[in-house]
>>> print(open('data_0.csv').read())   # CSV, C-alpha atoms
chain,number,residue,atom,x,y,z
T,1,MET,CA,0.0,0.0,0.0
T,2,ASN,CA,1.4,3.4,-1.0
T,3,THR,CA,1.4,5.7,1.9
T,4,ASN,CA,3.4,8.5,0.4
T,5,TYR,CA,0.7,11.1,0.5
T,6,SER,CA,3.1,13.9,-0.7
T,7,GLU,CA,2.4,12.7,-4.2
T,8,ASN,CA,-1.3,12.7,-3.6
T,9,GLU,CA,-3.3,14.2,-6.5
T,10,GLU,CA,-6.1,15.4,-4.2
T,11,ARG,CA,-7.1,19.0,-5.1
T,12,LEU,CA,-10.0,19.5,-2.7
T,13,ALA,CA,-12.0,20.8,-5.7
T,14,GLU,CA,-15.3,20.2,-3.9
T,15,PHE,CA,-14.5,23.0,-1.5
T,16,ALA,CA,-12.9,25.4,-4.0
T,17,ASP,CA,-16.1,27.5,-4.4
T,18,LEU,CA,-16.0,28.4,-0.7
T,19,VAL,CA,-12.9,30.6,-1.3
T,20,MET,CA,-12.9,31.4,-5.0
T,21,GLY,CA,-14.2,34.5,-6.8
T,22,LEU,CA,-13.0,37.3,-4.6
T,23,GLU,CA,-12.8,40.6,-6.3
T,24,ARG,CA,-10.5,43.5,-5.8
T,25,MET,CA,-12.2,46.3,-3.9
T,26,GLU,CA,-12.0,50.1,-3.6
T,27,TYR,CA,-11.6,51.2,-0.1
T,28,GLU,CA,-12.2,54.6,1.4
T,29,SER,CA,-9.5,54.2,4.0
T,30,HIS,CA,-6.6,51.8,4.5
T,31,PRO,CA,-4.8,50.5,7.6
T,32,SER,CA,-1.9,52.7,8.6
T,33,ASP,CA,1.8,51.8,8.0
T,34,GLU,CA,2.0,51.0,11.7
T,35,ILE,CA,-1.0,48.6,11.5
T,36,LEU,CA,0.5,46.9,8.5
T,37,ARG,CA,3.8,46.5,10.2
T,38,ALA,CA,2.1,44.9,13.2
T,39,TYR,CA,0.2,42.6,10.9
T,40,VAL,CA,3.4,41.4,9.1
T,41,ALA,CA,5.0,40.9,12.5
T,42,GLN,CA,2.0,39.0,13.7
T,43,ARG,CA,1.4,41.3,16.6
T,44,LEU,CA,-2.2,42.3,15.8
T,45,PRO,CA,-4.9,41.1,18.2
T,46,GLU,CA,-7.4,38.4,17.2
T,47,GLY,CA,-11.0,39.7,16.9
T,48,ARG,CA,-14.4,38.3,17.0
T,49,ILE,CA,-16.1,38.1,13.6
T,50,GLY,CA,-19.4,39.0,15.2
T,51,GLU,CA,-18.0,42.2,16.6
T,52,THR,CA,-16.0,43.6,13.7
T,53,PHE,CA,-18.0,42.4,10.7
T,54,ARG,CA,-21.3,43.8,11.9
T,55,SER,CA,-19.7,47.3,11.9
T,56,GLU,CA,-20.4,49.5,9.0
T,57,HIS,CA,-16.7,50.4,9.0
T,58,ALA,CA,-15.6,46.8,8.5
T,59,PHE,CA,-12.4,46.8,6.4
T,60,GLY,CA,-12.7,50.6,5.9
T,61,LEU,CA,-15.4,50.3,3.3
T,62,HIS,CA,-17.2,53.1,4.9
T,63,GLY,CA,-14.7,55.3,6.6
T,64,PRO,CA,-11.9,54.8,9.0
T,65,VAL,CA,-11.6,51.7,11.2
T,66,SER,CA,-10.9,52.4,14.9
T,67,ARG,CA,-9.4,49.1,15.8
T,68,TRP,CA,-8.0,46.7,13.2
T,69,THR,CA,-7.9,43.0,14.1
T,70,ARG,CA,-5.7,40.4,12.4
T,71,SER,CA,-8.6,39.1,10.3
T,72,ASP,CA,-9.7,42.6,9.3
T,73,VAL,CA,-6.3,43.4,7.9
T,74,SER,CA,-6.0,40.0,6.3
T,75,MET,CA,-9.3,40.5,4.5
T,76,HIS,CA,-8.5,44.1,3.6
T,77,VAL,CA,-5.1,43.2,2.1
T,78,LEU,CA,-6.5,40.2,0.3
T,79,THR,CA,-8.8,42.5,-1.7
T,80,CYS,CA,-6.8,45.7,-1.8
T,81,VAL,CA,-4.0,46.0,-4.4
T,82,ILE,CA,-2.4,49.1,-2.7
T,83,CYS,CA,-2.0,47.4,0.6
T,84,GLN,CA,-0.9,44.1,-1.0
T,85,ARG,CA,2.1,46.0,-2.5
T,86,HIS,CA,2.8,47.6,0.8
T,87,VAL,CA,2.7,44.4,2.7
T,88,GLU,CA,4.9,42.7,0.1
T,89,ARG,CA,7.5,45.4,0.7
T,90,LEU,CA,7.3,45.2,4.4
T,91,ARG,CA,7.7,41.4,4.3
T,92,ALA,CA,10.7,41.7,2.0
T,93,SER,CA,12.5,44.2,4.3
T,94,ARG,CA,11.6,42.1,7.4
T,95,TRP,CA,13.0,39.0,5.7
T,96,GLN,CA,16.2,40.9,5.0
T,97,LEU,CA,16.5,42.0,8.6
T,98,LEU,CA,15.9,38.5,9.8
T,99,SER,CA,18.5,37.1,7.4
T,100,SER,CA,21.2,39.6,8.4
T,101,ALA,CA,20.4,38.8,12.0
T,102,ARG,CA,20.9,35.1,11.3
T,103,GLN,CA,24.2,35.7,9.7
T,104,GLN,CA,25.5,37.1,13.0
T,105,HIS,CA,24.3,33.9,14.7
T,106,PRO,CA,27.7,32.2,15.3
T,107,LYS,CA,28.8,35.3,17.3
T,108,GLU,CA,25.5,35.1,19.3
T,109,GLU,CA,26.0,31.4,19.9
T,110,TRP,CA,29.4,32.0,21.3
T,111,SER,CA,28.1,34.7,23.7
T,112,TRP,CA,25.2,32.4,24.6
T,113,ARG,CA,27.7,29.6,25.5
T,114,ARG,CA,29.7,32.1,27.6
T,115,ARG,CA,26.6,33.2,29.3
T,116,LEU,CA,25.7,29.6,30.1
T,117,ALA,CA,29.1,28.9,31.5
T,118,LEU,CA,29.0,32.0,33.7
T,119,GLY,CA,25.6,31.1,34.9
T,120,ALA,CA,26.7,27.6,35.8
T,121,LEU,CA,29.7,29.1,37.7
T,122,ALA,CA,27.5,31.5,39.6
T,123,SER,CA,25.1,28.7,40.5
T,124,ALA,CA,28.0,26.6,41.8
T,125,ALA,CA,29.2,29.5,43.9
T,126,VAL,CA,25.7,30.1,45.4
T,127,ALA,CA,25.4,26.4,46.2
T,128,ALA,CA,28.8,26.4,48.0
T,129,VAL,CA,27.8,29.4,50.1
T,130,VAL,CA,24.4,27.8,51.0
T,131,PHE,CA,26.2,24.6,52.0
T,132,ALA,CA,28.7,26.5,54.1
T,133,LEU,CA,25.9,28.3,55.9
T,134,TRP,CA,24.1,25.1,56.5
T,135,LEU,CA,27.2,23.6,58.2
T,136,TRP,CA,27.7,26.8,60.3
T,137,PRO,CA,25.9,26.6,63.7
T,138,SER,CA,22.9,28.8,63.6
T,139,SER,CA,23.3,30.2,67.1
T,140,THR,CA,25.5,29.7,70.2
T,141,PRO,CA,24.7,26.4,71.8
T,142,SER,CA,22.4,26.6,74.8
T,143,PRO,CA,23.6,25.1,78.0
T,144,ALA,CA,22.7,21.5,78.4
T,145,CYS,CA,19.8,20.7,80.5
T,146,TRP,CA,21.1,18.2,83.1
T,147,ILE,CA,18.9,15.4,84.2
T,148,GLU,CA,19.2,16.5,87.8
T,149,GLU,CA,18.4,20.1,86.9
T,150,GLN,CA,14.8,21.1,87.0
T,151,CYS,CA,14.4,22.9,83.6
T,152,TRP,CA,10.7,22.4,83.2
T,153,GLN,CA,7.7,22.5,85.2
T,154,GLN,CA,4.6,20.4,84.9
T,155,VAL,CA,1.2,21.8,86.1
T,156,VAL,CA,-2.2,20.3,85.9
T,157,ARG,CA,-4.9,23.0,85.4
T,158,ASP,CA,-8.6,22.5,85.6
T,159,SER,CA,-10.6,24.0,82.8
T,160,PRO,CA,-14.4,24.4,83.1
T,161,THR,CA,-14.8,23.4,79.4
T,162,LYS,CA,-11.9,21.0,78.8
T,163,GLY,CA,-11.5,19.4,82.1
T,164,SER,CA,-8.0,18.7,83.4
T,165,VAL,CA,-5.3,20.1,81.2
T,166,LEU,CA,-1.6,19.2,81.5
T,167,VAL,CA,0.5,22.3,80.9
T,168,ILE,CA,4.3,22.1,80.7
T,169,TYR,CA,6.3,25.2,81.2
T,170,ARG,CA,10.0,25.5,80.3
T,171,ALA,CA,12.0,27.1,83.1
T,172,GLY,CA,13.4,30.5,82.3
T,173,ARG,CA,17.1,30.9,81.8
T,174,ASN,CA,19.2,33.5,83.5
N,1,MET,CA,-23.2,44.0,1.5
N,2,GLU,CA,-22.7,40.6,-0.2
N,3,ILE,CA,-19.0,41.2,-0.5
N,4,ARG,CA,-18.7,42.0,3.1
N,5,ILE,CA,-20.5,38.9,4.2
N,6,GLU,CA,-18.4,36.8,1.8
N,7,LEU,CA,-15.3,38.3,3.5
N,8,ALA,CA,-16.8,37.7,6.9
N,9,ARG,CA,-17.2,34.0,6.1
N,10,LEU,CA,-13.6,33.9,4.9
N,11,ALA,CA,-12.5,35.7,8.1
N,12,TYR,CA,-14.4,33.0,10.0
N,13,ALA,CA,-12.6,30.3,8.0
N,14,GLU,CA,-9.3,32.0,8.8
N,15,ASN,CA,-10.2,31.9,12.5
N,16,ILE,CA,-10.9,28.1,12.2
N,17,LEU,CA,-7.4,27.7,10.9
N,18,ARG,CA,-5.9,29.7,13.8
N,19,CYS,CA,-8.3,28.1,16.3
N,20,THR,CA,-9.8,31.4,17.3
N,21,ASN,CA,-13.3,30.8,15.8
N,22,GLU,CA,-16.4,31.7,17.6
N,23,PRO,CA,-19.3,29.2,18.2
N,24,PRO,CA,-21.4,29.0,15.0
N,25,GLU,CA,-24.6,29.9,16.8
N,26,MET,CA,-23.1,33.3,17.5
N,27,VAL,CA,-22.3,34.1,13.9
N,28,GLU,CA,-24.7,32.0,11.9
N,29,ASP,CA,-27.1,34.9,11.3
N,30,LEU,CA,-24.3,37.2,10.3
N,31,LEU,CA,-22.6,34.8,8.0
N,32,SER,CA,-25.8,33.9,6.1
N,33,LEU,CA,-27.1,37.5,5.8
N,34,ASP,CA,-26.6,37.3,2.1
N,35,GLY,CA,-28.7,34.2,1.9
N,36,GLN,CA,-25.8,31.8,1.6
N,37,LEU,CA,-26.6,29.7,4.6
N,38,GLU,CA,-25.2,26.6,2.9
N,39,LYS,CA,-21.8,28.2,2.6
N,40,ALA,CA,-21.8,29.2,6.2
N,41,ARG,CA,-22.7,25.7,7.2
N,42,ARG,CA,-19.9,24.2,5.2
N,43,TRP,CA,-17.5,26.3,7.2
N,44,PHE,CA,-19.2,25.3,10.4
N,45,THR,CA,-18.6,21.7,9.3
N,46,PHE,CA,-14.9,22.4,9.2
N,47,ALA,CA,-15.1,23.9,12.7
N,48,GLU,CA,-17.0,20.8,14.0
N,49,ALA,CA,-14.6,18.4,12.1
N,50,LYS,CA,-11.7,20.1,13.9
N,51,ARG,CA,-13.4,19.2,17.2
N,52,ARG,CA,-14.3,15.6,16.2
N,53,PHE,CA,-11.2,14.6,14.2
N,54,ASP,CA,-7.6,15.5,14.3
N,55,PRO,CA,-7.7,19.3,14.5
N,56,ASP,CA,-4.3,19.7,12.8
N,57,VAL,CA,-5.3,17.6,9.9
N,58,VAL,CA,-8.4,19.7,9.3
N,59,ARG,CA,-6.3,22.8,9.6
N,60,GLY,CA,-3.9,21.3,7.0
N,61,LEU,CA,-6.8,20.9,4.6
N,62,LEU,CA,-7.7,24.6,5.1
N,63,VAL,CA,-4.2,25.7,4.4
N,64,TYR,CA,-4.2,23.8,1.1
N,65,LEU,CA,-7.6,25.2,0.2
N,66,PHE,CA,-6.6,28.8,0.9
N,67,SER,CA,-3.2,28.4,-0.7
N,68,HIS,CA,-4.7,27.1,-4.0
N,69,TYR,CA,-8.1,28.8,-4.5
N,70,THR,CA,-8.2,32.1,-2.7
N,71,SER,CA,-6.3,33.8,-5.5
N,72,ALA,CA,-6.5,33.1,-9.2
N,73,GLU,CA,-2.9,34.3,-9.6
N,74,PHE,CA,0.1,32.2,-8.7
N,75,ASP,CA,2.7,34.3,-6.9
N,76,PRO,CA,6.1,32.4,-7.1
N,77,ASN,CA,8.0,35.0,-4.9
N,78,LYS,CA,5.4,34.8,-2.2
N,79,ARG,CA,5.4,31.0,-2.4
N,80,ASP,CA,9.2,30.8,-2.2
N,81,ALA,CA,9.3,33.0,0.9
N,82,LEU,CA,6.6,31.0,2.6
N,83,VAL,CA,8.1,27.6,1.7
N,84,ARG,CA,11.5,28.8,3.0
N,85,GLU,CA,9.9,29.7,6.3
N,86,ILE,CA,8.0,26.3,6.5
N,87,SER,CA,11.2,24.4,5.7
N,88,GLU,CA,13.1,26.2,8.4
N,89,GLY,CA,10.3,25.6,10.9
N,90,ARG,CA,9.8,29.4,11.4
N,91,VAL,CA,6.1,29.4,10.7
N,92,ARG,CA,3.2,27.6,12.3
N,93,MET,CA,-0.4,27.2,11.3
N,94,ARG,CA,-1.5,29.7,13.9
N,95,ASP,CA,0.7,32.3,12.3
N,96,LEU,CA,-1.0,32.1,9.0
N,97,THR,CA,-3.7,34.2,7.4
N,98,ILE,CA,-5.6,33.7,4.2
N,99,GLU,CA,-3.8,36.6,2.7
N,100,ARG,CA,-0.5,35.1,3.5
N,101,LEU,CA,-1.5,31.8,1.8
N,102,ALA,CA,-3.3,33.2,-1.2
N,103,GLY,CA,-1.6,32.4,-4.5
N,104,THR,CA,1.2,30.3,-2.9
N,105,ARG,CA,0.0,26.9,-4.3
N,106,LEU,CA,1.6,24.9,-1.5
N,107,SER,CA,2.2,21.2,-2.2
N,108,TRP,CA,1.0,18.5,0.2
N,109,GLU,CA,4.5,18.0,1.2
N,110,HIS,CA,4.6,21.5,2.6
N,111,ILE,CA,1.3,21.0,4.3
N,112,PHE,CA,2.5,17.8,6.0
N,113,ARG,CA,5.5,19.7,7.2
N,114,LEU,CA,3.3,22.4,8.7
N,115,VAL,CA,1.0,19.8,10.3
N,116,GLY,CA,4.0,17.8,11.5
N,117,ARG,CA,3.0,14.5,9.9
N,118,GLN,CA,1.5,12.9,6.8
N,119,PHE,CA,-2.1,12.1,6.3
N,120,ASN,CA,-4.4,11.0,3.5
N,121,PRO,CA,-6.0,14.2,2.2
N,122,THR,CA,-8.7,12.3,0.2
N,123,ARG,CA,-9.8,10.3,3.2
N,124,GLU,CA,-9.9,13.4,5.4
N,125,LYS,CA,-11.9,15.3,2.8
N,126,GLU,CA,-14.4,12.5,2.6
N,127,LYS,CA,-14.8,12.5,6.4
N,128,ILE,CA,-15.7,16.2,6.3
N,129,LYS,CA,-18.2,15.7,3.5
N,130,GLU,CA,-19.8,12.9,5.5
N,131,LEU,CA,-19.9,15.0,8.6
N,132,TYR,CA,-21.7,17.8,6.6
N,133,MET,CA,-24.3,15.3,5.5
N,134,GLN,CA,-24.6,14.0,9.1
N,135,LEU,CA,-25.1,17.5,10.5
N,136,TYR,CA,-27.2,19.3,7.9
N,137,SER,CA,-28.8,16.8,5.6
N,138,PRO,CA,-32.7,16.8,5.7
N,139,ALA,CA,-32.5,13.2,7.0
N,140,SER,CA,-30.9,14.4,10.2
N,141,PRO,CA,-32.7,17.6,11.2
N,142,HIS,CA,-31.9,17.3,14.8
N,143,ALA,CA,-28.2,16.6,14.5
N,144,GLU,CA,-26.4,17.9,17.5
N,145,VAL,CA,-23.5,20.1,16.9
N,146,SER,CA,-21.0,21.0,19.6
N,147,TYR,CA,-19.5,24.3,18.6
N,148,GLU,CA,-16.5,24.3,20.8
N,149,HIS,CA,-13.2,24.2,19.0
>>> encode(input="data_0.csv", output="structure tokens")
Amino acid sequence: MNTNYSENEERLAEFADLVMGLERMEYESHPSDEILRAYVAQRLPEGRIGETFRSEHAFGLHGPVSRWTRSDVSMHVLTCVICQRHVERLRASRWQLLSSARQQHPKEEWSWRRRLALGALASAAVAAVVFALWLWPSSTPSPACWIEEQCWQQVVRDSPTKGSVLVIYRAGRN
Amino acid sequence: MEIRIELARLAYAENILRCTNEPPEMVEDLLSLDGQLEKARRWFTFAEAKRRFDPDVVRGLLVYLFSHYTSAEFDPNKRDALVREISEGRVRMRDLTIERLAGTRLSWEHIFRLVGRQFNPTREKEKIKELYMQLYSPASPHAEVSYEH
């Protein structure tokens, strides 16, 4: 049985009509450069379809939109040639920035290793200090309580609610 | 108005892909305002399929659908950029939008990479078609649909 589905000829043609036939649209307003940058960087909030699409201002068809969600921008750009070009440019420049950042990766990796080594060293030092403190006596030893010495006192008290209660007092030290 | 509702349905489909879709009972009226109730229900079937079957596989089908049919024009540059990101594992399905996928014509191999495993697209498609019949065919008028995703 062939299970290499990568070569599958399935085209999902039965569902094609669900997404086909979108037309370019003329918008009165467009998302700002800042909004488009946030969209490309995937920093726009998700929105509820019921909230945004009920609005007369959905996608800027009728005036400016006060709050663009990710889907609003996606649908706008999908049908707006002007914004498509803008998004294309933003993606290209973002890609260049990310690529140049990746070229500096070996340097970053070295500093990352150094940071890890320093972190391990610091952790070891902290552990050594904690261990030393644990070994160190916490306070001066109190004098031993000799068997012959009366260092506690036992009293039986009568309580009206609880009956006889045994109370042990430790003798005070001078 | 028709265009706006068409876009609203697509936005809903996009939210199914990103797992941020609302329960159908909250949006059914809106998404069928232009009289295209059947279209809205077909999207609801995808939402329900995601709940009943393997959600990532259903999302994979949506990625293929958006990638191939949303735009009539093939954009090789856009495709190359997206394929590179998929190959390097720098993009996940929750990062995608219909606009990002439109015109990219991704192969099943790319979809499998996004999903994280292979599956049989034809079998999964048939399961969704069966589910639609089960949920909305006249023979099952009281079919119960759970709208959680």
>>> interface_residues(input="data_0.csv", of="chain T", to="chain N", cutoff="6 Å", atoms="only C-alpha atoms", output="PDB file with C-alpha atoms, in the coordinates of the input")
ATOM      1  CA  TYR T   5       0.700  11.100   0.500  1.00  0.00           C
ATOM      2  CA  SER T   6       3.100  13.900  -0.700  1.00  0.00           C
ATOM      3  CA  GLU T  10      -6.100  15.400  -4.200  1.00  0.00           C
ATOM      4  CA  ALA T  16     -12.900  25.400  -4.000  1.00  0.00           C
ATOM      5  CA  VAL T  19     -12.900  30.600  -1.300  1.00  0.00           C
ATOM      6  CA  MET T  20     -12.900  31.400  -5.000  1.00  0.00           C
ATOM      7  CA  GLY T  50     -19.400  39.000  15.200  1.00  0.00           C
ATOM      8  CA  SER T  71      -8.600  39.100  10.300  1.00  0.00           C
ATOM      9  CA  SER T  74      -6.000  40.000   6.300  1.00  0.00           C
ATOM     10  CA  LEU T  78      -6.500  40.200   0.300  1.00  0.00           C
TER      11      LEU T  78
END
>>> atom_distance(input="data_0.csv", atom1="atom CA of T:Leu22", atom2="atom CA of T:Ala92")
25.0 Å
>>> closest_residue(input="data_0.csv", among="T:Asp17, T:Leu36, T:Arg67, T:Ile49", to="N:Pro23", atoms="all atoms listed in the file")
T:Ile49
>>> residues_around(input="data_0.csv", residues="T:Val40", least_positions_apart="2", cutoff="12 Å", atoms="all atoms listed in the file", output="count of residues only")
30
>>> closest_residue(input="data_0.csv", among="T:Ala41, T:Leu118, T:Leu12, T:Leu18", to="N:Phe44", atoms="all atoms listed in the file")
T:Leu18
>>> atom_distance(input="data_0.csv", atom1="atom CA of T:Phe53", atom2="atom CA of T:Ala13")
27.8 Å
>>> atom_distance(input="data_0.csv", atom1="atom CA of N:Gly89", atom2="atom CA of T:His76")
27.4 Å
>>> closest_residue(input="data_0.csv", among="N:Glu88, N:Asp54, N:Glu48, N:Glu73", to="N:Pro24", atoms="only C-alpha atoms")
N:Glu48
>>> decode(input="data_0.csv", residues="stretch 97-135 of chain N", atoms="C-alpha atoms", output="PDB file, in the first residue's frame")
ATOM      1  CA  THR N  97      -3.690  34.188   7.405  1.00  0.00           C
ATOM      2  CA  ILE N  98      -5.619  33.655   4.194  1.00  0.00           C
ATOM      3  CA  GLU N  99      -3.849  36.648   2.711  1.00  0.00           C
ATOM      4  CA  ARG N 100      -0.474  35.086   3.525  1.00  0.00           C
ATOM      5  CA  LEU N 101      -1.490  31.839   1.830  1.00  0.00           C
ATOM      6  CA  ALA N 102      -3.292  33.247  -1.188  1.00  0.00           C
ATOM      7  CA  GLY N 103      -1.559  32.411  -4.457  1.00  0.00           C
ATOM      8  CA  THR N 104       1.194  30.292  -2.882  1.00  0.00           C
ATOM      9  CA  ARG N 105       0.001  26.919  -4.255  1.00  0.00           C
ATOM     10  CA  LEU N 106       1.631  24.861  -1.512  1.00  0.00           C
ATOM     11  CA  SER N 107       2.177  21.163  -2.173  1.00  0.00           C
ATOM     12  CA  TRP N 108       0.950  18.464   0.183  1.00  0.00           C
ATOM     13  CA  GLU N 109       4.536  17.969   1.237  1.00  0.00           C
ATOM     14  CA  HIS N 110       4.615  21.526   2.586  1.00  0.00           C
ATOM     15  CA  ILE N 111       1.268  21.020   4.286  1.00  0.00           C
ATOM     16  CA  PHE N 112       2.526  17.843   5.979  1.00  0.00           C
ATOM     17  CA  ARG N 113       5.541  19.739   7.179  1.00  0.00           C
ATOM     18  CA  LEU N 114       3.300  22.392   8.713  1.00  0.00           C
ATOM     19  CA  VAL N 115       1.000  19.796  10.270  1.00  0.00           C
ATOM     20  CA  GLY N 116       3.952  17.787  11.508  1.00  0.00           C
ATOM     21  CA  ARG N 117       2.971  14.468   9.926  1.00  0.00           C
ATOM     22  CA  GLN N 118       1.542  12.853   6.823  1.00  0.00           C
ATOM     23  CA  PHE N 119      -2.132  12.087   6.331  1.00  0.00           C
ATOM     24  CA  ASN N 120      -4.385  10.985   3.520  1.00  0.00           C
ATOM     25  CA  PRO N 121      -6.033  14.163   2.160  1.00  0.00           C
ATOM     26  CA  THR N 122      -8.706  12.313   0.212  1.00  0.00           C
ATOM     27  CA  ARG N 123      -9.800  10.272   3.186  1.00  0.00           C
ATOM     28  CA  GLU N 124      -9.912  13.361   5.419  1.00  0.00           C
ATOM     29  CA  LYS N 125     -11.889  15.283   2.803  1.00  0.00           C
ATOM     30  CA  GLU N 126     -14.424  12.471   2.599  1.00  0.00           C
ATOM     31  CA  LYS N 127     -14.797  12.488   6.375  1.00  0.00           C
ATOM     32  CA  ILE N 128     -15.671  16.175   6.257  1.00  0.00           C
ATOM     33  CA  LYS N 129     -18.199  15.675   3.486  1.00  0.00           C
ATOM     34  CA  GLU N 130     -19.803  12.860   5.470  1.00  0.00           C
ATOM     35  CA  LEU N 131     -19.897  15.048   8.556  1.00  0.00           C
ATOM     36  CA  TYR N 132     -21.696  17.775   6.621  1.00  0.00           C
ATOM     37  CA  MET N 133     -24.329  15.270   5.525  1.00  0.00           C
ATOM     38  CA  GLN N 134     -24.645  14.037   9.064  1.00  0.00           C
ATOM     39  CA  LEU N 135     -25.056  17.543  10.476  1.00  0.00           C
TER      40      LEU N 135
END
